[in-house]
Every structure is written in structure tokens, then in C-alpha cells.
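A.B. asks: File input32.cif below, mmCIF, C-alpha atoms:
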```cif
data_protein
#
loop_
_atom_site.label_atom_id
_atom_site.label_comp_id
_atom_site.auth_asym_id
_atom_site.auth_seq_id
_atom_site.Cartn_x
_atom_site.Cartn_y
_atom_site.Cartn_z
CA MET A 1 -24.56 -10.80 -10.92
CA TYR A 2 -21.57 -9.32 -9.11
CA ALA A 3 -20.75 -12.67 -7.50
CA ALA A 4 -20.69 -14.27 -10.95
CA LYS A 5 -18.53 -11.46 -12.38
CA HIS A 6 -16.13 -11.71 -9.48
CA ALA A 7 -15.70 -15.44 -10.11
CA GLY A 8 -14.71 -14.84 -13.74
CA ARG A 9 -16.30 -15.04 -17.15
CA ASN A 10 -18.94 -17.59 -18.20
CA GLN A 11 -20.14 -18.10 -14.64
CA PHE A 12 -23.55 -18.24 -13.02
CA ARG A 13 -24.61 -17.89 -9.41
CA PHE A 14 -27.87 -18.50 -7.58
CA PHE A 15 -29.04 -15.89 -5.12
CA THR A 16 -28.51 -16.85 -1.49
CA LYS A 17 -29.31 -15.15 1.78
CA SER A 18 -25.59 -14.89 2.53
CA MET A 19 -25.24 -12.65 -0.54
CA GLN A 20 -27.90 -10.33 0.83
CA ASP A 21 -26.27 -10.32 4.27
CA GLU A 22 -22.88 -9.52 2.76
CA ALA A 23 -24.34 -6.71 0.65
CA GLN A 24 -26.04 -5.18 3.70
CA ARG A 25 -22.80 -5.44 5.68
CA ARG A 26 -20.87 -3.67 2.92
CA ILE A 27 -23.44 -0.87 2.82
CA GLN A 28 -23.32 -0.48 6.60
CA LEU A 29 -19.51 -0.55 6.71
CA THR A 30 -19.30 2.09 3.98
CA GLN A 31 -21.67 4.35 5.91
CA ASP A 32 -19.71 3.82 9.12
CA LEU A 33 -16.41 4.45 7.34
CA ARG A 34 -17.58 7.95 6.41
CA ASN A 35 -17.51 8.86 10.10
CA ALA A 36 -14.57 6.70 11.16
CA LEU A 37 -11.92 9.38 10.70
CA ALA A 38 -13.80 12.05 12.64
CA ALA A 39 -14.66 9.51 15.34
CA GLU A 40 -10.95 8.64 15.71
CA GLU A 41 -11.61 4.97 14.96
CA LEU A 42 -8.80 4.82 12.40
CA PHE A 43 -5.21 4.48 13.54
CA VAL A 44 -1.83 3.57 12.10
CA HIS A 45 0.49 0.73 13.07
CA TYR A 46 4.13 0.79 12.00
CA GLN A 47 5.77 -2.40 10.81
CA PRO A 48 9.54 -2.31 11.18
CA VAL A 49 11.88 -3.00 8.27
CA VAL A 50 15.10 -4.63 9.45
CA ASP A 51 18.42 -4.42 7.62
CA LEU A 52 19.81 -7.97 7.48
CA ASP A 53 23.44 -6.83 7.62
CA SER A 54 23.23 -4.64 10.72
CA ARG A 55 20.09 -6.26 12.22
CA ARG A 56 18.86 -2.74 12.96
CA ILE A 57 15.45 -1.25 12.25
CA THR A 58 16.17 1.18 9.43
CA LYS A 59 12.66 2.17 8.32
CA ALA A 60 9.01 1.25 8.78
CA GLU A 61 5.80 0.77 6.85
CA ALA A 62 2.57 2.55 7.83
CA LEU A 63 -0.36 0.14 8.12
CA LEU A 64 -3.88 1.52 8.44
CA ARG A 65 -6.24 -0.14 10.93
CA TRP A 66 -9.91 0.40 11.81
CA ASN A 67 -11.34 -0.30 15.24
CA HIS A 68 -15.09 -0.45 14.54
CA PRO A 69 -17.29 0.27 17.58
CA THR A 70 -19.47 -2.78 16.83
CA TYR A 71 -17.35 -5.24 14.85
CA GLY A 72 -14.02 -4.53 16.51
CA LEU A 73 -10.93 -4.63 14.28
CA VAL A 74 -12.02 -4.74 10.64
CA GLU A 75 -9.55 -6.31 8.21
CA PRO A 76 -7.98 -3.84 5.74
CA THR A 77 -8.91 -6.26 2.95
CA GLN A 78 -12.53 -5.49 3.83
CA PHE A 79 -12.56 -1.74 4.31
CA ILE A 80 -9.85 -0.52 1.90
CA PRO A 81 -11.89 -1.61 -1.18
CA LEU A 82 -14.91 0.18 0.31
CA ALA A 83 -12.84 3.32 0.78
CA GLU A 84 -11.70 3.10 -2.85
CA GLU A 85 -15.20 2.52 -4.22
CA SER A 86 -16.70 5.38 -2.19
CA GLY A 87 -13.87 7.84 -2.85
CA LEU A 88 -13.05 8.08 0.86
CA ILE A 89 -9.57 6.75 0.11
CA HIS A 90 -8.40 10.25 -0.88
CA GLU A 91 -9.11 11.83 2.51
CA ILE A 92 -8.03 8.74 4.44
CA GLY A 93 -4.85 8.32 2.39
CA ASP A 94 -3.80 11.92 2.98
CA TRP A 95 -4.49 11.48 6.71
CA VAL A 96 -2.27 8.38 6.85
CA PHE A 97 0.48 10.32 5.11
CA THR A 98 0.33 13.20 7.63
CA GLN A 99 0.44 10.69 10.49
CA ALA A 100 3.47 8.98 8.95
CA ALA A 101 5.23 12.29 8.31
CA SER A 102 4.76 13.33 11.95
CA CYS A 103 6.15 9.99 13.16
CA SER A 104 9.10 10.26 10.78
CA GLU A 105 9.83 13.71 12.18
CA ARG A 106 9.61 12.54 15.80
CA TRP A 107 11.63 9.35 15.33
CA GLY A 108 14.25 11.21 13.29
CA GLU A 109 14.69 13.70 16.11
CA ASN A 110 15.05 10.88 18.64
CA SER A 111 17.64 8.95 16.63
CA GLY A 112 19.48 11.92 15.16
CA ILE A 113 19.18 10.62 11.59
CA PRO A 114 16.26 10.73 9.10
CA PHE A 115 13.84 7.82 9.52
CA GLN A 116 11.93 6.70 6.43
CA ILE A 117 8.32 5.50 6.57
CA SER A 118 6.62 3.84 3.62
CA VAL A 119 3.02 4.79 2.85
CA ASN A 120 0.77 2.79 0.57
CA ARG A 121 -0.86 4.84 -2.18
CA SER A 122 -3.93 3.30 -3.78
CA PRO A 123 -4.26 3.33 -7.58
CA VAL A 124 -7.48 5.30 -7.03
CA GLN A 125 -5.47 8.10 -5.41
CA PHE A 126 -3.60 8.62 -8.68
CA LEU A 127 -6.81 9.41 -10.57
CA VAL A 128 -7.31 12.89 -9.13
CA LYS A 129 -5.03 15.63 -7.86
CA ALA A 130 -4.23 15.18 -4.18
CA SER A 131 -5.78 17.71 -1.81
CA VAL A 132 -2.64 17.53 0.34
CA ASP A 133 0.72 18.40 -1.21
CA TRP A 134 2.93 15.65 0.19
CA THR A 135 6.20 17.30 -0.80
CA GLY A 136 4.97 20.61 0.66
CA VAL A 137 4.17 18.96 3.99
CA LEU A 138 7.66 17.44 4.17
CA LYS A 139 9.24 20.80 3.43
CA SER A 140 7.15 22.52 6.09
CA LYS A 141 8.39 20.00 8.67
CA GLY A 142 11.98 20.38 7.53
CA LEU A 143 12.12 16.72 6.50
CA PRO A 144 14.21 15.43 3.60
CA PRO A 145 12.14 14.02 0.71
CA HIS A 146 13.30 10.45 1.38
CA SER A 147 11.61 10.56 4.80
CA ILE A 148 8.58 9.14 3.01
CA ALA A 149 8.54 6.30 0.49
CA VAL A 150 5.43 5.67 -1.63
CA GLU A 151 4.36 2.06 -2.08
CA ILE A 152 2.50 1.15 -5.26
CA THR A 153 1.31 -2.10 -6.82
CA GLU A 154 2.36 -3.79 -10.03
CA GLY A 155 -1.15 -3.33 -11.41
CA LEU A 156 -0.71 0.43 -11.25
CA LEU A 157 2.29 0.24 -13.59
CA LEU A 158 0.51 -2.16 -15.92
CA ASN A 159 -2.29 0.35 -16.48
CA THR A 160 -0.15 3.46 -16.49
CA SER A 161 -2.17 6.56 -17.40
CA PRO A 162 -0.78 10.06 -17.99
CA ASN A 163 -1.80 10.99 -14.43
CA VAL A 164 0.07 8.04 -12.96
CA ALA A 165 3.19 8.69 -15.02
CA GLU A 166 3.16 12.39 -14.13
CA MET A 167 2.83 11.64 -10.42
CA LEU A 168 5.63 9.06 -10.44
CA TYR A 169 7.94 11.43 -12.30
CA ARG A 170 7.03 14.14 -9.79
CA TYR A 171 8.03 11.85 -6.92
CA ARG A 172 11.32 11.08 -8.67
CA ASP A 173 12.11 14.76 -9.23
CA ALA A 174 11.19 15.62 -5.63
CA GLY A 175 13.44 12.89 -4.24
CA ILE A 176 10.62 10.74 -2.81
CA GLN A 177 11.45 7.06 -3.18
CA VAL A 178 9.02 4.51 -4.62
CA ALA A 179 8.58 0.87 -3.61
CA LEU A 180 6.86 -1.77 -5.75
CA ASP A 181 4.70 -3.89 -3.46
CA ASP A 182 3.89 -7.62 -3.79
CA PHE A 183 6.43 -8.10 -6.57
CA GLY A 184 5.97 -11.34 -8.49
CA THR A 185 2.19 -11.58 -8.12
CA GLY A 186 1.19 -9.18 -10.90
CA TYR A 187 1.75 -8.79 -14.62
CA SER A 188 3.85 -5.67 -14.96
CA SER A 189 6.65 -5.36 -17.48
CA LEU A 190 10.20 -5.28 -16.10
CA ALA A 191 10.81 -2.25 -18.32
CA TYR A 192 8.73 -0.18 -15.91
CA LEU A 193 11.27 -0.72 -13.13
CA LYS A 194 13.76 1.58 -14.84
CA ARG A 195 11.30 3.82 -16.65
CA PHE A 196 9.83 5.07 -13.38
CA ASP A 197 12.98 4.82 -11.24
CA ILE A 198 11.61 2.30 -8.75
CA ASP A 199 13.81 2.23 -5.62
CA TYR A 200 12.60 -0.88 -3.77
CA LEU A 201 11.17 -4.25 -4.76
CA LYS A 202 9.09 -5.98 -2.11
CA ILE A 203 9.00 -9.76 -2.54
CA ASP A 204 5.50 -10.97 -1.76
CA GLN A 205 5.14 -12.95 1.46
CA SER A 206 3.74 -15.93 -0.50
CA PHE A 207 7.30 -16.51 -1.79
CA VAL A 208 8.98 -15.77 1.54
CA ARG A 209 6.77 -17.74 3.92
CA ASP A 210 8.08 -21.19 2.94
CA ILE A 211 11.46 -20.14 1.56
CA GLU A 212 13.34 -22.69 3.72
CA LYS A 213 11.29 -25.65 2.50
CA ASN A 214 10.08 -24.77 -1.00
CA GLU A 215 12.77 -24.80 -3.67
CA GLY A 216 10.52 -22.92 -6.12
CA SER A 217 9.95 -20.05 -3.69
CA ARG A 218 13.66 -19.94 -2.94
CA ALA A 219 14.52 -19.78 -6.64
CA ILE A 220 12.06 -16.92 -7.19
CA ALA A 221 13.53 -14.99 -4.24
CA ASP A 222 17.11 -15.62 -5.44
CA SER A 223 16.37 -14.48 -8.99
CA THR A 224 14.42 -11.42 -7.83
CA ILE A 225 17.25 -10.31 -5.55
CA ALA A 226 19.87 -10.84 -8.24
CA MET A 227 17.85 -8.93 -10.85
CA ALA A 228 17.06 -6.07 -8.46
CA HIS A 229 20.67 -5.63 -7.42
CA ARG A 230 21.82 -5.60 -11.04
CA LEU A 231 19.33 -2.78 -11.62
CA GLY A 232 20.49 -0.89 -8.53
CA LEU A 233 17.32 -1.56 -6.54
CA LYS A 234 17.02 -2.58 -2.91
CA VAL A 235 14.92 -5.60 -1.91
CA ILE A 236 12.50 -5.97 0.99
CA ALA A 237 11.13 -9.39 1.95
CA GLU A 238 7.67 -9.32 3.49
#
```
Write out the structure in this file as C-alpha cells.
C.D. replies:
Amino acid sequence: MYAAKHAGRNQFRFFTKSMQDEAQRRIQLTQDLRNALAAEELFVHYQPVVDLDSRRITKAEALLRWNHPTYGLVEPTQFIPLAEESGLIHEIGDWVFTQAASCSERWGENSGIPFQISVNRSPVQFLVKASVDWTGVLKSKGLPPHSIAVEITEGLLLNTSPNVAEMLYRYRDAGIQVALDDFGTGYSSLAYLKRFDIDYLKIDQSFVRDIEKNEGSRAIADSTIAMAHRLGLKVIAE
């Protein structure tokens, strides 16, 4: 049933052993994920963001990884949905934030200037009040609010609830910047870009990967950059 639903409406699927194997794997991974944080199997990689004018690394993005004791490195596309479905994303997301804040503090001290790190925030995390006050943590470390940028998806803006709007306005008032991830792949209205004071647009890598050869991808990148700059937004190419 779920395989048919996932494929779209008016579909049918026959049961196969691979479906059963996949379901068992999902159940096992979810159970293992409950202990992954305490077992120190989760860790964060930092992807640099390079300014094209100066060619210097000016910020970074925190990327969560899971080193499973049996399966090795599990793809985020596999375990993040499990974390969202099980509710573990709240605890894990707050942990990633604290890791990123500590790194921002350390790297800022080394360079002598504030160093911003972007942290992805799942739509599920907007549904309930966070157990960790992100702005409070930054204040306790003596970090400026823009030391952390929150990355959200277009789908989050499309289905804006009062909780989501309140949280985004709270970030704006606190001085925490917001980046819109995978821009161009969703269905959000451009009006949301100004309504919620988005600071960065991230052009999806599907448009960047073949930008030198594909005229369509190049046109999308050109138009996105031009629009963003007219709106006072910065652009990041994945």
C-alpha cells in the first residue's frame, strides 16, 4: 500500500520480498537510531562555502552523518526521514546545532572574526517548541546571532503554519539569518522571500552541475541570481 502511495495516485503494487526486506531494514535502522546519539555514532561534517570574489572560505554548512556499527556510513536520505517519522529529529537537530555553535565559537576565535555555520532545520522541528533555546545558547557563548544561519526548504514556506511563521519572525528579530535550500525545485511563492526576510537563496545542485554545458540550467542560474540580488539576497550555488 505504501509503495503504491509513494508512486502517486491510481497506482497498484504487488507484494515482493524486497518490500519486506526494506520494511525490516527501516524498523531496524529506526531502533538503532534511538541509541546512535548516546553511542557517539553521529557526527558532523562541515562543507565550506567559498566567496567567489575573494576565493576565501567565509562560512560553512553543518552536515549530519551516521557511522552505523554494522552498515557503515548510512546516507542521510535514509536516516533523516526515519528521524522525522520517529520524532528523534528534535533531539538530534538540537545536538547538531550545539555542535555547530561550538565550532563557530572556536573558528571565530582562531580567525578573529565571527564565522557563520548554516544548520538545516527540518519542517518537523517547527511543529513543536524546541527544547533548546538556540538564541540563548548563542548568547551564553558570547556569539553574535549571525554566527548561525538556519536552512529551510521551499516546502516549509508553501505550507506555512502559525508555528512556522512565528519561528521565522523570531529568527528575524533575533538577528539569525535564514537560507532557502534547494531553490527552484519546489513550489513556493516568491512573495514568501520578502515576507519572511530570507537572507540566502541556495541554487539546487541539479541546476549547477551542468551549468557549463546546459543552456537551460545556465538561464535558470542567471535569472535566480539577478532576481535575488534585486531583492537584496545573497546566492549560494551548491
A.B. asks: Report the residues retrieved by the PyMOL selection byres ((chain A and resi 167) around 12) from the displayed file, expressed as an MDAnalysis selection string.
C.D. replies: chainID A and resid 121 123 125:130 133:135 150 152 156:157 160:166 168:174 176 178 196
A.B. asks: So what do you get for atom CA of A:Lys194 versus atom CA of A:Gln116, distance-wise?
C.D. replies: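 If I compute the distance from atom CA of A:Lys194 to atom CA of A:Gln116, I get 22.0 Å.
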A.B. asks: Go through A:Thr153, A:Ser122, A:Thr224, A:Asn110 one by one, measure the shortest atom-to-atom distance of each to A:Val208 using all atoms listed in the file, and give the residue with the smallest value.
C.D. replies: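 The closest residue to A:Val208 is A:Thr224.
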A.B. asks: I'd like the residues picked by the PyMOL selection byres ((chain A and resi 100-104) around 10) written out as number ranges by chain, using the chain letters and numbers from the file.
C.D. replies: A: 44-46, 59-63, 94-99, 105-110, 114-119, 134, 137-138, 141, 143, 147-148
A.B. asks: In the coordinate frame of the file, compute which residues have an atom within 10 Å of (3.8, -4.9, -9.8) when using only C-alpha atoms, and state them as a ChimeraX atom specification.
C.D. replies: /A:152-158,179-190,192-193,201-202
A.B. asks: Can you write out the residues you just picked, keeping C-alpha atoms, as a PDB file, in the frame of the given file?
C.D. replies:
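And here's out_25.pdb as it stands now:
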```
ATOM      1  CA  ILE A 152       2.500   1.150  -5.260  1.00  0.00           C
ATOM      2  CA  THR A 153       1.310  -2.100  -6.820  1.00  0.00           C
ATOM      3  CA  GLU A 154       2.360  -3.790 -10.030  1.00  0.00           C
ATOM      4  CA  GLY A 155      -1.150  -3.330 -11.410  1.00  0.00           C
ATOM      5  CA  LEU A 156      -0.710   0.430 -11.250  1.00  0.00           C
ATOM      6  CA  LEU A 157       2.290   0.240 -13.590  1.00  0.00           C
ATOM      7  CA  LEU A 158       0.510  -2.160 -15.920  1.00  0.00           C
ATOM      8  CA  ALA A 179       8.580   0.870  -3.610  1.00  0.00           C
ATOM      9  CA  LEU A 180       6.860  -1.770  -5.750  1.00  0.00           C
ATOM     10  CA  ASP A 181       4.700  -3.890  -3.460  1.00  0.00           C
ATOM     11  CA  ASP A 182       3.890  -7.620  -3.790  1.00  0.00           C
ATOM     12  CA  PHE A 183       6.430  -8.100  -6.570  1.00  0.00           C
ATOM     13  CA  GLY A 184       5.970 -11.340  -8.490  1.00  0.00           C
ATOM     14  CA  THR A 185       2.190 -11.580  -8.120  1.00  0.00           C
ATOM     15  CA  GLY A 186       1.190  -9.180 -10.900  1.00  0.00           C
ATOM     16  CA  TYR A 187       1.750  -8.790 -14.620  1.00  0.00           C
ATOM     17  CA  SER A 188       3.850  -5.670 -14.960  1.00  0.00           C
ATOM     18  CA  SER A 189       6.650  -5.360 -17.480  1.00  0.00           C
ATOM     19  CA  LEU A 190      10.200  -5.280 -16.100  1.00  0.00           C
ATOM     20  CA  TYR A 192       8.730  -0.180 -15.910  1.00  0.00           C
ATOM     21  CA  LEU A 193      11.270  -0.720 -13.130  1.00  0.00           C
ATOM     22  CA  LEU A 201      11.170  -4.250  -4.760  1.00  0.00           C
ATOM     23  CA  LYS A 202       9.090  -5.980  -2.110  1.00  0.00           C
TER      24      LYS A 202
END
```
A.B. asks: One decimal, Å: what's the distance from atom CA of A:Ser206 over to atom CA of A:Ala237, could you say?
C.D. replies: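 Between atom CA of A:Ser206 and atom CA of A:Ala237 the gap works out to 10.2 Å.
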A.B. asks: On this structure, which residues satisfy the PyMOL selection byres ((chain A and resi 77-91) around 8), written as a list in words?
C.D. replies: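 Matching residues under the PyMOL selection byres ((chain A and resi 77-91) around 8) are Arg26, Leu29, Thr30, Leu33, Arg34, Val74, Glu75, Pro76, Ile92, Gly93, Asp94, Trp95, Ser122, Val124, Gln125, Ala130 and Ser131 of chain A.
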A.B. asks: Let me make sure I understand: among A:Ile236, A:Ile57, A:Ala219, A:Leu231, which one has the smallest atom-to-atom distance to A:Asp204 if we use only C-alpha atoms?
C.D. replies: A:Ile236
A.B. asks: Using only C-alpha atoms, which residues sit within 10 Å of A:Pro69 once same-chain residues fewer than 6 positions away are excluded, as a PyMOL selection string?
C.D. replies: chain A and resi 32+36+39+41
A.B. asks: Find the distance between atom CA of A:Asn35 and atom CA of A:Asn120 and write it in Å to one decimal.
C.D. replies: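 These two atoms are separated by 21.5 Å.
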A.B. asks: With all atoms listed in the file as the basis for distance, which of A:Ala149, A:Arg9, A:Val49, A:Ile113 is at the shortest distance from A:Glu238?
C.D. replies: A:Val49
A.B. asks: Could you please give me, as number ranges by chain, the residues of protein, DNA or RNA lying at most 9 Å from (-17.6, -9.0, -1.6) in the coordinate frame of the file, considering all atoms listed in the file?
C.D. replies: A: 2-3, 6, 19, 22-23, 26, 78
A.B. asks: Would you kindly return, as a PDB file with C-alpha atoms, keeping the file's coordinate frame, each protein, DNA or RNA residue with an atom no farther than 12 Å from any atom of A:Ser223, considering all atoms listed in the file and excluding same-chain residues fewer than 4 positions away?
C.D. replies:
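And here's part11.pdb as it stands now:
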```pdb
ATOM      1  CA  GLY A 184       5.970 -11.340  -8.490  1.00  0.00           C
ATOM      2  CA  ILE A 203       9.000  -9.760  -2.540  1.00  0.00           C
ATOM      3  CA  PHE A 207       7.300 -16.510  -1.790  1.00  0.00           C
ATOM      4  CA  GLY A 216      10.520 -22.920  -6.120  1.00  0.00           C
ATOM      5  CA  SER A 217       9.950 -20.050  -3.690  1.00  0.00           C
ATOM      6  CA  ARG A 218      13.660 -19.940  -2.940  1.00  0.00           C
ATOM      7  CA  ALA A 219      14.520 -19.780  -6.640  1.00  0.00           C
ATOM      8  CA  MET A 227      17.850  -8.930 -10.850  1.00  0.00           C
ATOM      9  CA  ALA A 228      17.060  -6.070  -8.460  1.00  0.00           C
ATOM     10  CA  HIS A 229      20.670  -5.630  -7.420  1.00  0.00           C
ATOM     11  CA  ARG A 230      21.820  -5.600 -11.040  1.00  0.00           C
ATOM     12  CA  VAL A 235      14.920  -5.600  -1.910  1.00  0.00           C
TER      13      VAL A 235
END
```
A.B. asks: Please complete stretch 119-130 of chain A so it has all heavy atoms, and hand it over as a tab-separated table (two decimals), in the frame of the given file.
C.D. replies:
```tsv
chain	number	residue	atom	x	y	z
A	119	VAL	N	4.47	4.59	2.82
A	119	VAL	CA	3.02	4.79	2.85
A	119	VAL	C	2.42	4.22	1.57
A	119	VAL	O	2.87	4.55	0.47
A	119	VAL	CB	2.67	6.29	2.96
A	119	VAL	CG1	1.16	6.48	2.94
A	119	VAL	CG2	3.26	6.89	4.22
A	120	ASN	N	1.45	3.35	1.73
A	120	ASN	CA	0.77	2.79	0.57
A	120	ASN	C	-0.10	3.85	-0.10
A	120	ASN	O	-0.83	4.58	0.59
A	120	ASN	CB	-0.10	1.60	0.98
A	120	ASN	CG	0.71	0.40	1.40
A	120	ASN	OD1	1.17	-0.37	0.57
A	120	ASN	ND2	0.89	0.23	2.70
A	121	ARG	N	-0.02	3.91	-1.42
A	121	ARG	CA	-0.86	4.84	-2.18
A	121	ARG	C	-1.70	4.02	-3.16
A	121	ARG	O	-1.17	3.35	-4.05
A	121	ARG	CB	-0.02	5.87	-2.92
A	121	ARG	CG	-0.86	7.02	-3.50
A	121	ARG	CD	0.02	8.15	-4.02
A	121	ARG	NE	-0.78	9.22	-4.59
A	121	ARG	CZ	-1.22	10.27	-3.92
A	121	ARG	NH1	-0.91	10.40	-2.65
A	121	ARG	NH2	-1.93	11.22	-4.51
A	122	SER	N	-3.00	4.07	-2.96
A	122	SER	CA	-3.93	3.30	-3.78
A	122	SER	C	-3.93	3.80	-5.22
A	122	SER	O	-3.76	4.99	-5.47
A	122	SER	CB	-5.35	3.42	-3.19
A	122	SER	OG	-6.32	3.02	-4.13
A	123	PRO	N	-4.12	2.89	-6.19
A	123	PRO	CA	-4.26	3.33	-7.58
A	123	PRO	C	-5.33	4.39	-7.77
A	123	PRO	O	-5.21	5.27	-8.62
A	123	PRO	CB	-4.62	2.04	-8.32
A	123	PRO	CG	-4.02	0.96	-7.50
A	123	PRO	CD	-4.16	1.42	-6.07
A	124	VAL	N	-6.39	4.32	-6.93
A	124	VAL	CA	-7.48	5.30	-7.03
A	124	VAL	C	-6.98	6.70	-6.70
A	124	VAL	O	-7.46	7.69	-7.25
A	124	VAL	CB	-8.63	4.91	-6.08
A	124	VAL	CG1	-9.75	5.95	-6.13
A	124	VAL	CG2	-9.18	3.54	-6.45
A	125	GLN	N	-5.99	6.80	-5.82
A	125	GLN	CA	-5.47	8.10	-5.41
A	125	GLN	C	-4.70	8.79	-6.54
A	125	GLN	O	-4.47	9.99	-6.48
A	125	GLN	CB	-4.56	7.96	-4.19
A	125	GLN	CG	-5.30	7.59	-2.92
A	125	GLN	CD	-4.36	7.38	-1.75
A	125	GLN	OE1	-3.93	6.27	-1.47
A	125	GLN	NE2	-4.03	8.46	-1.06
A	126	PHE	N	-4.32	8.03	-7.55
A	126	PHE	CA	-3.60	8.62	-8.68
A	126	PHE	C	-4.55	9.22	-9.71
A	126	PHE	O	-4.10	9.87	-10.65
A	126	PHE	CB	-2.72	7.56	-9.36
A	126	PHE	CG	-1.45	7.27	-8.61
A	126	PHE	CD1	-1.42	6.32	-7.61
A	126	PHE	CD2	-0.27	7.94	-8.93
A	126	PHE	CE1	-0.25	6.04	-6.93
A	126	PHE	CE2	0.90	7.67	-8.25
A	126	PHE	CZ	0.91	6.71	-7.25
A	127	LEU	N	-5.85	8.98	-9.56
A	127	LEU	CA	-6.81	9.41	-10.57
A	127	LEU	C	-7.13	10.89	-10.49
A	127	LEU	O	-7.52	11.50	-11.48
A	127	LEU	CB	-8.11	8.59	-10.44
A	127	LEU	CG	-7.97	7.08	-10.64
A	127	LEU	CD1	-9.32	6.40	-10.47
A	127	LEU	CD2	-7.39	6.76	-12.02
A	128	VAL	N	-7.01	11.47	-9.32
A	128	VAL	CA	-7.31	12.89	-9.13
A	128	VAL	C	-6.15	13.57	-8.42
A	128	VAL	O	-5.33	12.90	-7.77
A	128	VAL	CB	-8.61	13.11	-8.32
A	128	VAL	CG1	-9.80	12.50	-9.03
A	128	VAL	CG2	-8.48	12.52	-6.93
A	129	LYS	N	-6.09	14.87	-8.52
A	129	LYS	CA	-5.03	15.63	-7.86
A	129	LYS	C	-5.23	15.58	-6.36
A	129	LYS	O	-6.32	15.77	-5.85
A	129	LYS	CB	-5.05	17.08	-8.34
A	129	LYS	CG	-3.91	17.92	-7.79
A	129	LYS	CD	-3.94	19.33	-8.35
A	129	LYS	CE	-2.79	20.17	-7.80
A	129	LYS	NZ	-2.81	21.55	-8.34
A	130	ALA	N	-4.15	15.30	-5.64
A	130	ALA	CA	-4.23	15.18	-4.18
A	130	ALA	C	-4.58	16.52	-3.55
A	130	ALA	O	-4.11	17.58	-3.99
A	130	ALA	CB	-2.91	14.66	-3.62
```
